[in-house]
Every structure is written in structure tokens, then in C-alpha cells.
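Asker: Right, I'll just put the structure down here and ask away after.
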Amino acid sequence: MVEPVTPAPAPAPAPAPIILDPVEMRKARQARNERIGAWVLPIIVVVLSILAWDRFVVVNDIPHYIIPRPGRVLQALVESWDILMASLGATLILTFSALSIAIVGGVGLAILFAQSKWIEMSFYPYAVILQVTPIIAVAPLIFIWVDSTFVGLLICAWIVAFFPILSNTTLGLQSADHNLVDMMKLYGATRWQTLRFLRLPSALPYFLGGLKIAGGLSLIGAIVAEFVAGTGGAGSGLAFRILEASYRLNIPRMFAAILLISFTGILIFMFMTFLSWLFLHKWHESAIKRES
Amino acid sequence: MSDQTLLSLTQVGKTFSNGTVALQGMSMDIAQGSFVSLLGPSGCGKSTALKIIAGLGNMTTGTLNWPNAKVDRMGRPDHEISFVFQEPTLMLWATVFDNVWLPLRLKGIKKKAALTAVNEALEMVGLAAFSGSYPRELSGGMKMRVSIARALVTRPKLLLMDEPFAALDEITRSKLNDDLLTLWQQLNWTVIFVTHSVFESAYLSNRIVVMASRPGRVVADINVDAPYPRRGDDFRNSAEYNAYCSQTSLALHAAMQAGDHL
Ligand SMILES: Nc1ncnc2c1ncn2[C@@H]1O[C@H](COP(=O)(O)OP(=O)(O)OP(=O)(O)O)[C@@H](O)[C@H]1O
Ligand SMILES: [Mg+2]
């Protein structure tokens with residue numbers, strides 16, 4: 001390309017390997033520290049909090065059926081490993097089934113909305129109503145209406161998870177560059193081609209943003225639904241174990257189950273973040289490292 | 001209307017639904033192989049006219065004819081038209097190659113079959129080495145080149161450009177101007193080039209159509225008879241070029257006065 005105009009030779013410094021001014025050097029150092037800190041700091045904080053928790057319980061002489069010591073929670077985790085893992089499995093199956101249906105349904109509905117303003121205007125209110133009605137309020141009804149507990153659970157978790165995917169993807173499909181839309185028209189692209197080559201890729205960052213939220217929400221939805229079903233005496237998921245443990249005042253096991261849920265949530269979040277990076281890091285602003 | 005006429009606008013008018021009269025009684029014939037600049041104050045309907053020619057917007061009154069081409073039911077000619085926008089308008093998620101391939105892909109041409117045409121187009125704009133890059137890795141001028149490569153990959157008979165270089169720096173701009181002229185001479189295009197710049201229009205085109213606003217219409221039609229090739233500073237420093245510039249400048253000022261009831 002065109003060479004930039006070179007200024008008149010100033011009194012040049014002696015040629016040397018890259019010489020950085022203090023500001024740049026500080027920046028480089030800071031960047032390196034931040035990279036390390038991003039991993040080390042959370043670990044330190046977690047370790048310190050666990051220590052503080054342990055000291056707090058010991059110093060205040062709190063009985064284990066109110067707050068167990070960390071070691072005791074770990075022990076409960078190991079002792080109830082088989083039961084908890086089975087429950088975790090059940091919760092995970094529920095979570096991912098709900099998320100999958102939310103993805104298919106949300107994206108499918110968004111594509112349908114993109115085809116016609118009329119369809120969108122007619123059905124969007126229902127999506128909003130589903131979203132704003134607290135699931136805990138309608139869940140009992142759902143369990144009365146459907147026979148299978150699993151289907152009931154699935155419906156509840158799905159209702160919670162699907163809205164962010166629907167609304168984000170709908171927005172994304174509409175956010176395609178107008179000039180590119182014109183260009184598609186100029187070259188005689190079919191509706192399907194415009195969707196495939198332009199609208200879907202434009203919607204991808206929005207969809208992934210929605211997915212990140214929906215991943216966490218589907219777990220929350222699954223747990224809430226299990227709670228409602230569990231109070232009715234049915235269930236096998238982690239929420240059911242928590243209920244069960246609370247009836248038996250087995251607080252360490254309750255802690256262990258909660259720990260597993262949080263851990264699962266974190267893993268889901270990290271996986272979604274990775275997915276975003278995977279699909280966007282080559283081209284999208286959100287995933288590109290800043291130079292300055 | 002001679003047998004050299006590519007397209008002809010007759011008494012074209014465009015009124016938007018909000019009542020804005022963007023064009024009124026606009027008539028012009030565009031000759032095959034010419035390089036026409038559309039020049040006029042902001043809001044005089046240059047983009048609107050270009051979109052109508054491209055078939056991207058319809059007109060309220062008047063006709064658009066393609067005297068020497070077969071037209072389909074929609075009144076669109078059977079030859080290729082390309083459009084270059086003010087912004088590069090690239091698909092950010094696709095490589096340079098895929099961006100240029102798009103117009104062919106939409107016609108159902110597979111990657112293998114499109115390979116030669118795409119690479120040729122990239123070569124013409126000097127970007128053969130960047131076919132695997134993503135748009136964000138390119139400078140503004142390079143992105144514009146990709147946009148031009150995409151426009152020429154279908155071998156269009158007519159190229160419509162809406163202030164394509166307005167966002168670029170002076171040096172890149174004059175380089176791209178020269179490249180565009182070279183391509184135009186090689187490929188036997190007809191170019192309609194919208195610009196705000198008197199100098200750019202006088203440098204590039206063999207005809208300058210000056211428009212006035214409210215309502216948009218043609219107020220002056222200047223033939224620039226200087227021969228091509230017009231490479232570089234020789235032409236820019238010539239008395240001929242300067243005469244055309246001042247003539248165009250005068251016409252533009254008159255146009256701005258004529259349309260001065262904003
Ligand atoms: N979609 C639209 N709806 C209503 N009015 C419009 C629309 N598009 C353009 N206009 C109006 O039509 C007139 C001509 O617009 P146009 O974009 O063609 O101008 P232009 O000559 O390309 O201007 P510029 O040089 O600033 O790009 C303007 O007054 C504008 O406000
Ligand atoms: Mg314009």
C-alpha cells in the first residue's frame with residue numbers, strides 16, 4: 001500500500017533494539033501482571049475465604065448443623081458422592097435438555113419473526129409474558145397439567161432459559177448492515193440466501209450473548225423446577241437432595257449439593273465464554289484484543 | 001437516444017412517504033463506456049438516483065430505460081450491475097476471499113469454480129496476498145479495494161459508486177482514483193460516480209452532471225474532453241484541468257443557490 005510520508009531525518013538516537021519509553025514499559029508490565037493476576041487473585045481470595053469460614057466457625061463455636069466447617073462439607077461430599085453424582089447427572093440432563101430446546105425454539109422463533117413483522121407483533125407479547133411471570137408461581141400449575149415429572153421440569157426450565165435467546169437473536173437478525181442487505185438484493189439473493197449469508201452471521205454475536213445468559217438461567221430454572229416438584233415429593237436432582245438434606249438437618253450434605261450447583265454454573269458460564277471466543281475471536285470487536 | 005446509450009432516465013421523480021421530494025423531473029442519458037460523475041450539494045438526491053438505477057428503490061414518476069439490453073419483468077437489465085458504497089460494507093465474519101466470492105456464490109458458483117475469477121479480481125486491486133485475511137486486519141484503503149474487487153468480480157457492465165472514497169485520506173484517495181481509472185480503461189465499464197469533490201470529478205470523469213436540491217434535478221452537464229490516461233500530477237497541474245475545475249465549481253455554486261431553500 002501507500003507508504004506514509006517520512007518526516008525529515010531528526011537527530012536520530014543510536015540504533016538499538018526496541019527502546020520503550022517509561023509509559024510503554026509500565027503498560028507492558030501492567031499487562032503481564034494482569035494476565036497472572038486474573039488467575040492467581042481469584043484462587044487466593046477463595047482460599048482465604050475458606051480459611052476465614054473455618055476460623056469463624058471454630059472461634060464462634062458454631063454447631064455443625066448450622067454452619068459446618070469446610071472439612072466437614074468435603075467429607076459429606078466424599079461420603080455422599082454416589083448419591084450426589086447421580087443427582088447432579090439428573091440435574092445436568094434436565095439443564096441441557098431445557099437449554100437445547102430453548103436454543104432450537106428461540107432461534108427458530110426468531111427466524112420466524114424475522115420473516116414477517118406481523119408474526120412478530122402477534123407473538124412477541126407471549127414471549128414477554130412468559131418471561132416476566134415468575135416461574136415459581138406457575139410451576140405448580142404445570143405439574144398439575146402434565147403427568148410426567150420430567151416433562152414438567154423441562155417445561156419450567158425451558159420457559160426460564162428461552163427468552164434471552166429469542167430476544168437477542170431477534171435483535172441480531174434485524175441488525176444486519178442495511179447496505180449489505182441492499183447488496184444482497186442487487187445480486188438477486190433469495191430470502192434463504194440472505195438469511196444464510198447475511199442475517200445469521202450478523203446475529204451470531206447477539207445469539208452467543210443470549211446463550212451466555214440462557215446457560216446460567218437454564219440451570220436456575222432446572223433447580224427451581226426441581227424444588228417445586230421436590231416439595232411434592234417427586235424428584236432426583238440436586239435440588240431434591242437439598243430439600244431432603246434440610247428435612248434431615250444434614251447441613252453438610254446441603255452445603256455439598258450447593259457447592260456442586262455453583263460449580264456446575266461456573267463451568268457452564270466458562271464453556272459459553274469459550275464458545276463465544278471460538279466463534280468470534282477472528283472477526284468480532286468484542287473478542288478482539290485491543291492493541292492500545 | 002443513440003445506440004450507444006446504456007440507460008436513460010426520463011423525467012424521474014421520487015417522493016418519500018414523509019413528503020420529501022427527493023427528485024423531480026430528472027432526465028439524463030448515460031452513454032456506454034462513459035465515466036460520469038454526479039455532483040451536488042448534500043441532500044440533492046444523488047444516492048436516491050443511484051439506488052433507482054440499481055433497482056434498489058422505485059421511482060414515483062418517470063421511466064428508466066435500458067435501450068440496448070433485454071429487461072426482465074421488473075425492468076432490470078440482463079447484464080450485471082455493481083454497487084460500491086461509501087463504507088466498504090464487508091462481511092466482517094468472512095475472509096477477503098469469501099467477501100469477493102459472495103456475488104458469485106449467490107449465483108450458485110462453488111468455491112472451486114469461482115477461484116480464478118476471485119483471484120483475478122483481487123489481483124486487479126493489488127490484494128492477491130490478502131485473500132485469507134479478515135477485514136479487521138486491513139486498513140481503510142485496503143477494505144475499499146476489497147469492496148471494489150467484489151464489485152468487479154461479476155464483470156459488470158455498469159458500476160455505481162456512492163462517494164466511495166469520501167472516508168479516506170488524500171494520498172490513499174488519489175491512489176485509488178488512479179487505480180479506478182486504470183481498471184475502467186481495461187474493463188470497458190460504464191461508471192456512475194457520486195462525489196462531493198469538484199477536483200475528484202474533474203480528474204476522473206469525462207462527464208460531470210451537476211444537481212441541485214429541493215427538489216433534486218440536473219442543473220448542469222459538463223463534458224470533460226481531456227484525453228485518458230490522466231495519470232498523476234501532470235494532469236492535475238495542467239491548465240485544462242484547472243479550467244474544468246473552475247467551470248464545475250461555478251456550476252456547483254449556481255446549483256447551491258438554485259436549491260437554496262432548505
Ligand atoms: N428513506 C428516506 N425517507 C425519507 N426521506 C429520505 C429517505 N432517503 C433520503 N431521503 C431524503 O431525500 C433527499 C435526498 O437524499 P439522498 O440521500 O439521495 O441525498 P444525497 O444527494 O445522496 O446526499 P449526500 O450527499 O448527503 O449523501 C434528502 O433530503 C433526504 O432527506
Ligand atoms: Mg448520498
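Residue numbering restarts at 1 in every chain; chains get A, B, ... in the order shown in the C-alpha cells, and ligands count up from 1 in that same order.
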When you get a sec, could you note down which chain B residues fall within 7 Å of chain A, using only C-alpha atoms, as an MDAnalysis selection string?
Answerer: chainID B and resid 54 56 89 92:93 103 106 134 136 172
Asker: Excluding same-chain residues fewer than 2 positions from region 91-102 of chain A, what lies within 7 Å of it counting only C-alpha atoms, as a ChimeraX atom specification?
Answerer: /A:87-89,104-106,154,157-158,161-162,215,218-219,222,237-238
Asker: Can I get the selected residues back with N, CA, C and O atoms, as an mmCIF file, in the first residue's frame?
Answerer:
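Result file follows (out.cif):
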```cif
data_model
loop_
_atom_site.group_PDB
_atom_site.id
_atom_site.type_symbol
_atom_site.label_atom_id
_atom_site.label_comp_id
_atom_site.auth_asym_id
_atom_site.auth_seq_id
_atom_site.Cartn_x
_atom_site.Cartn_y
_atom_site.Cartn_z
ATOM 1 N N SER A 87 -27.573 -37.410 41.324
ATOM 2 C CA SER A 87 -28.463 -36.251 41.291
ATOM 3 C C SER A 87 -27.939 -35.180 40.348
ATOM 4 O O SER A 87 -28.698 -34.565 39.596
ATOM 5 N N LEU A 88 -26.630 -34.989 40.418
ATOM 6 C CA LEU A 88 -26.029 -33.998 39.518
ATOM 7 C C LEU A 88 -26.305 -34.387 38.072
ATOM 8 O O LEU A 88 -26.662 -33.538 37.244
ATOM 9 N N GLY A 89 -26.154 -35.671 37.791
ATOM 10 C CA GLY A 89 -26.432 -36.156 36.441
ATOM 11 C C GLY A 89 -27.853 -35.827 36.021
ATOM 12 O O GLY A 89 -28.079 -35.292 34.926
ATOM 13 N N VAL A 104 -33.121 -24.251 20.135
ATOM 14 C CA VAL A 104 -33.861 -24.556 18.911
ATOM 15 C C VAL A 104 -35.115 -23.679 18.817
ATOM 16 O O VAL A 104 -35.371 -23.036 17.795
ATOM 17 N N GLY A 105 -35.856 -23.628 19.923
ATOM 18 C CA GLY A 105 -37.088 -22.852 19.914
ATOM 19 C C GLY A 105 -36.837 -21.362 19.765
ATOM 20 O O GLY A 105 -37.482 -20.695 18.957
ATOM 21 N N GLY A 106 -35.870 -20.845 20.517
ATOM 22 C CA GLY A 106 -35.573 -19.416 20.479
ATOM 23 C C GLY A 106 -35.094 -18.973 19.114
ATOM 24 O O GLY A 106 -35.597 -18.003 18.549
ATOM 25 N N LEU A 154 -38.923 -29.966 32.534
ATOM 26 C CA LEU A 154 -38.358 -29.460 31.285
ATOM 27 C C LEU A 154 -39.062 -28.182 30.856
ATOM 28 O O LEU A 154 -38.422 -27.194 30.479
ATOM 29 N N ALA A 157 -37.921 -25.231 33.130
ATOM 30 C CA ALA A 157 -36.559 -24.772 32.859
ATOM 31 C C ALA A 157 -36.475 -24.098 31.496
ATOM 32 O O ALA A 157 -35.774 -23.102 31.314
ATOM 33 N N TRP A 158 -37.226 -24.631 30.548
ATOM 34 C CA TRP A 158 -37.221 -24.065 29.204
ATOM 35 C C TRP A 158 -37.787 -22.649 29.195
ATOM 36 O O TRP A 158 -37.217 -21.748 28.582
ATOM 37 N N ALA A 161 -35.226 -20.256 30.308
ATOM 38 C CA ALA A 161 -33.999 -20.107 29.510
ATOM 39 C C ALA A 161 -34.229 -19.503 28.136
ATOM 40 O O ALA A 161 -33.313 -18.935 27.550
ATOM 41 N N PHE A 162 -35.467 -19.610 27.604
ATOM 42 C CA PHE A 162 -35.553 -19.355 26.181
ATOM 43 C C PHE A 162 -35.654 -17.888 25.790
ATOM 44 O O PHE A 162 -35.249 -17.498 24.710
ATOM 45 N N GLY A 215 -27.588 -20.052 29.461
ATOM 46 C CA GLY A 215 -26.909 -21.199 30.069
ATOM 47 C C GLY A 215 -27.080 -21.180 31.582
ATOM 48 O O GLY A 215 -27.478 -22.174 32.195
ATOM 49 N N SER A 218 -30.863 -21.620 32.543
ATOM 50 C CA SER A 218 -31.444 -22.957 32.417
ATOM 51 C C SER A 218 -31.110 -23.782 33.662
ATOM 52 O O SER A 218 -31.927 -24.587 34.118
ATOM 53 N N LEU A 219 -29.925 -23.551 34.238
ATOM 54 C CA LEU A 219 -29.585 -24.246 35.484
ATOM 55 C C LEU A 219 -30.497 -23.758 36.615
ATOM 56 O O LEU A 219 -31.048 -24.553 37.375
ATOM 57 N N ALA A 222 -33.887 -25.135 36.131
ATOM 58 C CA ALA A 222 -33.934 -26.555 36.475
ATOM 59 C C ALA A 222 -34.019 -26.730 37.988
ATOM 60 O O ALA A 222 -34.837 -27.513 38.487
ATOM 61 N N GLY A 237 -33.078 -34.782 41.382
ATOM 62 C CA GLY A 237 -31.998 -33.841 41.080
ATOM 63 C C GLY A 237 -31.358 -33.268 42.331
ATOM 64 O O GLY A 237 -31.702 -33.634 43.461
ATOM 65 N N LEU A 238 -30.420 -32.373 42.133
ATOM 66 C CA LEU A 238 -29.683 -31.784 43.247
ATOM 67 C C LEU A 238 -30.589 -30.991 44.178
ATOM 68 O O LEU A 238 -30.413 -31.009 45.401
#
```
Asker: Residues up to 10 Å from ligand 2, counting only C-alpha atoms and all ligand atoms: could you list those as JSON, numbers by chain?
Answerer: {"B": [40, 41, 42, 43, 44, 45, 46, 47, 48, 49, 50, 51, 85, 86, 162, 163, 194, 195, 196]}
Asker: Write out as number ranges by chain each polymer residue whose atoms come within 10 Å of Ala114 (chain A), counting only C-alpha atoms; drop sequence neighbours fewer than 2 positions from it.
Answerer: A: 108-112, 116-120, 169-174, 195, 199
Asker: B:Gly141, B:Gly216, B:Pro88, B:Gly126: which is nearest ligand 1, counting only C-alpha atoms and all ligand atoms?
Answerer: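 Checking each candidate against ligand 1, we get B:Gly216 as the closest.
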Asker: If DSSP is run on the backbone, what residues of region 6-185 of chain B are strand (DSSP E)? A reply as a PyMOL selection string would be ideal.
Answerer: chain B and resi 6-15+21-31+35-39+61-65+81-84+158-162
Asker: Write out as a PDB file with all heavy atoms, in the first residue's frame the residues lying within 6 Å of region 147-150 of chain B, counting only C-alpha atoms and excluding same-chain residues fewer than 2 positions away.
Answerer:
```pdb
ATOM      1  N   PRO B  88     -16.874   0.439   3.194  1.00  0.00           N
ATOM      2  CA  PRO B  88     -16.514  -0.798   2.481  1.00  0.00           C
ATOM      3  C   PRO B  88     -17.643  -1.835   2.483  1.00  0.00           C
ATOM      4  O   PRO B  88     -17.741  -2.635   1.551  1.00  0.00           O
ATOM      5  CB  PRO B  88     -15.309  -1.317   3.262  1.00  0.00           C
ATOM      6  CG  PRO B  88     -14.747  -0.127   3.955  1.00  0.00           C
ATOM      7  CD  PRO B  88     -15.903   0.776   4.239  1.00  0.00           C
ATOM      8  N   VAL B 100     -15.285 -11.423  -1.591  1.00  0.00           N
ATOM      9  CA  VAL B 100     -15.285 -11.181  -3.029  1.00  0.00           C
ATOM     10  C   VAL B 100     -16.064 -12.281  -3.756  1.00  0.00           C
ATOM     11  O   VAL B 100     -16.693 -12.048  -4.783  1.00  0.00           O
ATOM     12  CB  VAL B 100     -13.833 -11.075  -3.553  1.00  0.00           C
ATOM     13  CG1 VAL B 100     -13.804 -10.899  -5.057  1.00  0.00           C
ATOM     14  CG2 VAL B 100     -13.124  -9.928  -2.875  1.00  0.00           C
ATOM     15  N   ALA B 121      -9.820 -10.810  -9.630  1.00  0.00           N
ATOM     16  CA  ALA B 121     -10.361  -9.548  -9.108  1.00  0.00           C
ATOM     17  C   ALA B 121      -9.456  -8.993  -8.013  1.00  0.00           C
ATOM     18  O   ALA B 121      -9.167  -7.794  -7.969  1.00  0.00           O
ATOM     19  CB  ALA B 121     -11.771  -9.751  -8.581  1.00  0.00           C
ATOM     20  N   LEU B 122      -8.976  -9.889  -7.147  1.00  0.00           N
ATOM     21  CA  LEU B 122      -8.098  -9.445  -6.064  1.00  0.00           C
ATOM     22  C   LEU B 122      -6.776  -8.928  -6.609  1.00  0.00           C
ATOM     23  O   LEU B 122      -6.202  -7.965  -6.105  1.00  0.00           O
ATOM     24  CB  LEU B 122      -7.861 -10.587  -5.074  1.00  0.00           C
ATOM     25  CG  LEU B 122      -9.031 -10.855  -4.118  1.00  0.00           C
ATOM     26  CD1 LEU B 122      -8.757 -12.084  -3.270  1.00  0.00           C
ATOM     27  CD2 LEU B 122      -9.266  -9.649  -3.217  1.00  0.00           C
ATOM     28  N   MET B 144     -11.525  -0.737   1.145  1.00  0.00           N
ATOM     29  CA  MET B 144     -12.216  -0.168  -0.018  1.00  0.00           C
ATOM     30  C   MET B 144     -11.846  -0.939  -1.286  1.00  0.00           C
ATOM     31  O   MET B 144     -12.679  -1.168  -2.164  1.00  0.00           O
ATOM     32  CB  MET B 144     -11.807   1.298  -0.139  1.00  0.00           C
ATOM     33  CG  MET B 144     -12.876   2.194  -0.657  1.00  0.00           C
ATOM     34  SD  MET B 144     -14.361   2.156   0.339  1.00  0.00           S
ATOM     35  CE  MET B 144     -15.555   1.882  -0.953  1.00  0.00           C
ATOM     36  N   ARG B 145     -10.585  -1.356  -1.365  1.00  0.00           N
ATOM     37  CA  ARG B 145     -10.161  -2.153  -2.521  1.00  0.00           C
ATOM     38  C   ARG B 145     -10.897  -3.480  -2.583  1.00  0.00           C
ATOM     39  O   ARG B 145     -11.265  -3.949  -3.661  1.00  0.00           O
ATOM     40  CB  ARG B 145      -8.664  -2.440  -2.445  1.00  0.00           C
ATOM     41  CG  ARG B 145      -7.805  -1.282  -2.851  1.00  0.00           C
ATOM     42  CD  ARG B 145      -6.379  -1.543  -2.421  1.00  0.00           C
ATOM     43  NE  ARG B 145      -5.597  -0.326  -2.533  1.00  0.00           N
ATOM     44  CZ  ARG B 145      -4.975   0.033  -3.649  1.00  0.00           C
ATOM     45  NH1 ARG B 145      -4.997  -0.754  -4.690  1.00  0.00           N
ATOM     46  NH2 ARG B 145      -4.325   1.174  -3.692  1.00  0.00           N
ATOM     47  N   LEU B 152     -16.194  -5.879  -9.025  1.00  0.00           N
ATOM     48  CA  LEU B 152     -15.793  -6.193 -10.389  1.00  0.00           C
ATOM     49  C   LEU B 152     -15.703  -7.691 -10.667  1.00  0.00           C
ATOM     50  O   LEU B 152     -15.478  -8.104 -11.807  1.00  0.00           O
ATOM     51  CB  LEU B 152     -14.494  -5.473 -10.766  1.00  0.00           C
ATOM     52  CG  LEU B 152     -13.207  -5.652  -9.972  1.00  0.00           C
ATOM     53  CD1 LEU B 152     -12.511  -6.942 -10.403  1.00  0.00           C
ATOM     54  CD2 LEU B 152     -12.296  -4.464 -10.210  1.00  0.00           C
ATOM     55  N   VAL B 153     -15.938  -8.516  -9.650  1.00  0.00           N
ATOM     56  CA  VAL B 153     -15.805  -9.958  -9.842  1.00  0.00           C
ATOM     57  C   VAL B 153     -16.898 -10.504 -10.774  1.00  0.00           C
ATOM     58  O   VAL B 153     -16.705 -11.512 -11.443  1.00  0.00           O
ATOM     59  CB  VAL B 153     -15.815 -10.700  -8.479  1.00  0.00           C
ATOM     60  CG1 VAL B 153     -17.207 -10.792  -7.901  1.00  0.00           C
ATOM     61  CG2 VAL B 153     -15.213 -12.080  -8.622  1.00  0.00           C
TER      62      VAL B 153
END
```
Asker: With only C-alpha atoms as the atoms that count, which of B:Asn65, B:Ser246, B:Ser139, B:Thr15 lies nearest to Asp169 (chain B)?
Answerer: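 The answer is B:Ser139, which sits nearest to Asp169 (chain B).
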Asker: Work out how far CA of Ser17 (chain B) is from atom 1 (N, counted along the ligand's line) of ligand 1, in Å to one decimal.
Answerer: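 Interatomic distance, atom 1 (N, counted along the ligand's line) of ligand 1 to CA of Ser17 (chain B): 8.2 Å.
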